[in-house]
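Trainee: Provided herewith is a single structure, encoded as structure tokens, for subsequent inquiry.
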Amino acid sequence: MDYTRRNFLQAITTATIGATGATIWPSGSWKDDAAGSQKFDIIEENATILFQGDSITDAGRDKENHGANQGLGGGYAFLATAQLRHTLAARSISCYNRGISGNKVFQLADRWQEEALALKPDVLSILIGVNDFWHTLNDYDGTVEVYEQDLRALLTRTKEQLPDVTLVIGEPFVVLEGSAVSEEEWMPDFKDYQQVAKEIARDFEAGFIPYQSIFDEASKEVEPTYWTGDGVHPSLAGSQLMAEAWLQTVNKM
């Protein structure tokens, strides 16, 4: 069954946020796009693209070899970059991954000057939030209000120093059938974090990728643990699903 050409991607319709009409997720499959439609208008020649976040972005990247393929990790950032560098070969773009496993928003902020602002990205993609909730089940005393406050402060700081940067915000997601998550513990509170991420994307005129809906729809066709065994960290197939969502969103912005 070729899930990319079935109904679950068509079920996620084109939507917009904010007055600018920034794309959330366009209908159809990345693989169904004609080559001529893969324009990526927001990515100009010599553009720098930065992926930031936690372990989902980190994906085991080699932190000593930022410029090598290994420096992009083995997840969605690597897969999206591979497609971009193929499609936009003539534009000489640079792509970096600075995700760090276990990070919450305040930890992004602690390293933001060196590992984000100093790189002067033209496109900044951020996926953060799962740890901001998950760790509250153990020894972290954060709240959804702290998450919102910290993320808004981080993006305000970013726009002050990089006013022309294009922001892409990924929705934190969870697959409840995974081995590391419990519906009783995670829901409905985690949904508040997802709502905050969506509202912040709207307020900062960022592209927004609704990863939760994407994984939910994919799980209707194939068992959920195919996409992520523990419910948080995607499998290779799940990473490809995320990469395609990222590419479509950025392509339509």
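Chain lettering (A, B, ...) mirrors the order of the structure tokens, residue numbering begins at 1 for each chain separately, and ligand numbering begins at 1 in order of display.
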Near A:Asn103, counting only C-alpha atoms, which residues have an atom at most 7 Å away, once you skip same-chain residues fewer than 6 positions from it, shown as a ChimeraX atom specification?

Mentor: /A:53-54,131

Trainee: Export C-alpha atoms of the chosen residues as an mmCIF file, in the first residue's frame?

Mentor:
```cif
data_model
loop_
_atom_site.group_PDB
_atom_site.id
_atom_site.type_symbol
_atom_site.label_atom_id
_atom_site.label_comp_id
_atom_site.auth_asym_id
_atom_site.auth_seq_id
_atom_site.Cartn_x
_atom_site.Cartn_y
_atom_site.Cartn_z
ATOM 1 C CA GLY A 53 15.145 21.493 18.609
ATOM 2 C CA ASP A 54 15.515 18.446 20.812
ATOM 3 C CA ASN A 131 10.347 17.606 26.688
#
```

Trainee: Show which residues sit within 12 Å of A:Gln107, as a list in words. Count only C-alpha atoms, and ignore same-chain residues fewer than 3 positions away.

Mentor: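 Those residues are Gln52, Gly53, Asp54, Gly99, Ile100, Ser101, Gly102, Asn103, Lys104, Asp110, Arg111, Trp112, Gln113, Glu115, Ile128, Gly129, Asn131, Asp132, Tyr147, Asp150, Leu151 and Leu154 of chain A.
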
Trainee: Write out as a tab-separated table a residue-level contact list of stretch 25-118 of chain A versus stretch 158-169 of chain A with cut-off 10 Å: for each qualifying residue the closest pair of atoms and the distance in Å to one decimal, counting only C-alpha atoms, rows sorted by chain and residue number upward.

Mentor:
```
residue	atom	partner	partner_atom	distance
A:Ile42	CA	A:Thr166	CA	7.8
A:Ile43	CA	A:Thr166	CA	9.3
A:Ile49	CA	A:Thr166	CA	9.5
A:Leu50	CA	A:Leu167	CA	9.9
A:Phe51	CA	A:Val168	CA	9.3
A:Gln52	CA	A:Ile169	CA	9.8
A:Trp112	CA	A:Thr158	CA	8.8
A:Gln113	CA	A:Thr158	CA	9.2
A:Ala116	CA	A:Thr158	CA	8.6
A:Leu117	CA	A:Thr158	CA	7.0
A:Ala118	CA	A:Gln161	CA	9.8
```

Trainee: Using only C-alpha atoms, find each residue of stretch 96-204 of chain A with at least one atom at most 7 Å away from an atom of stretch 230-239 of chain A; report its shortest atom-to-atom pair and that distance in Å (one decimal), sort the rows by chain and rising residue number, and return the result as a Markdown table.

Mentor:
```
| residue | atom | partner | partner_atom | distance |
| --- | --- | --- | --- | --- |
| A:Val174 | CA | A:Val232 | CA | 5.4 |
| A:Val175 | CA | A:Gly231 | CA | 4.3 |
| A:Leu176 | CA | A:Gly231 | CA | 5.9 |
| A:Glu177 | CA | A:Gly231 | CA | 6.4 |
| A:Gly178 | CA | A:Gly231 | CA | 3.7 |
| A:Ser179 | CA | A:Asp230 | CA | 4.4 |
| A:Ala180 | CA | A:Asp230 | CA | 4.9 |
| A:Val181 | CA | A:Gly231 | CA | 6.2 |
```

Trainee: Counting only C-alpha atoms, which residue out of A:Thr57, A:Phe133, A:Glu64, A:Ala197 sits closest to A:Leu79?

Mentor: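 Smallest separation from A:Leu79 among the options: A:Thr57.
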
Trainee: Using DSSP assignments from the backbone, pull out every residue in stretch 33-135 of chain A that falls under strand (DSSP E) and give it to me as a PyMOL selection string.

Mentor: chain A and resi 48-53+94-97+123-127

Trainee: Write out the residues from the selection above, keeping C-alpha atoms, as a JSON list (two decimals), in the first residue's frame.

Mentor:
```json
[["chain", "number", "residue", "atom", "x", "y", "z"],
["A", 48, "THR", "CA", 21.41, 29.35, 5.30],
["A", 49, "ILE", "CA", 18.83, 26.99, 6.78],
["A", 50, "LEU", "CA", 19.00, 26.00, 10.45],
["A", 51, "PHE", "CA", 17.14, 23.17, 12.16],
["A", 52, "GLN", "CA", 16.81, 23.57, 15.93],
["A", 53, "GLY", "CA", 15.14, 21.49, 18.61],
["A", 94, "SER", "CA", 23.91, 25.73, 3.54],
["A", 95, "CYS", "CA", 21.97, 23.60, 6.02],
["A", 96, "TYR", "CA", 22.79, 23.04, 9.69],
["A", 97, "ASN", "CA", 21.36, 20.96, 12.50],
["A", 123, "VAL", "CA", 15.23, 30.07, 7.39],
["A", 124, "LEU", "CA", 15.01, 28.94, 11.01],
["A", 125, "SER", "CA", 13.07, 25.77, 11.75],
["A", 126, "ILE", "CA", 12.23, 24.97, 15.38],
["A", 127, "LEU", "CA", 10.62, 21.83, 16.79]]
```
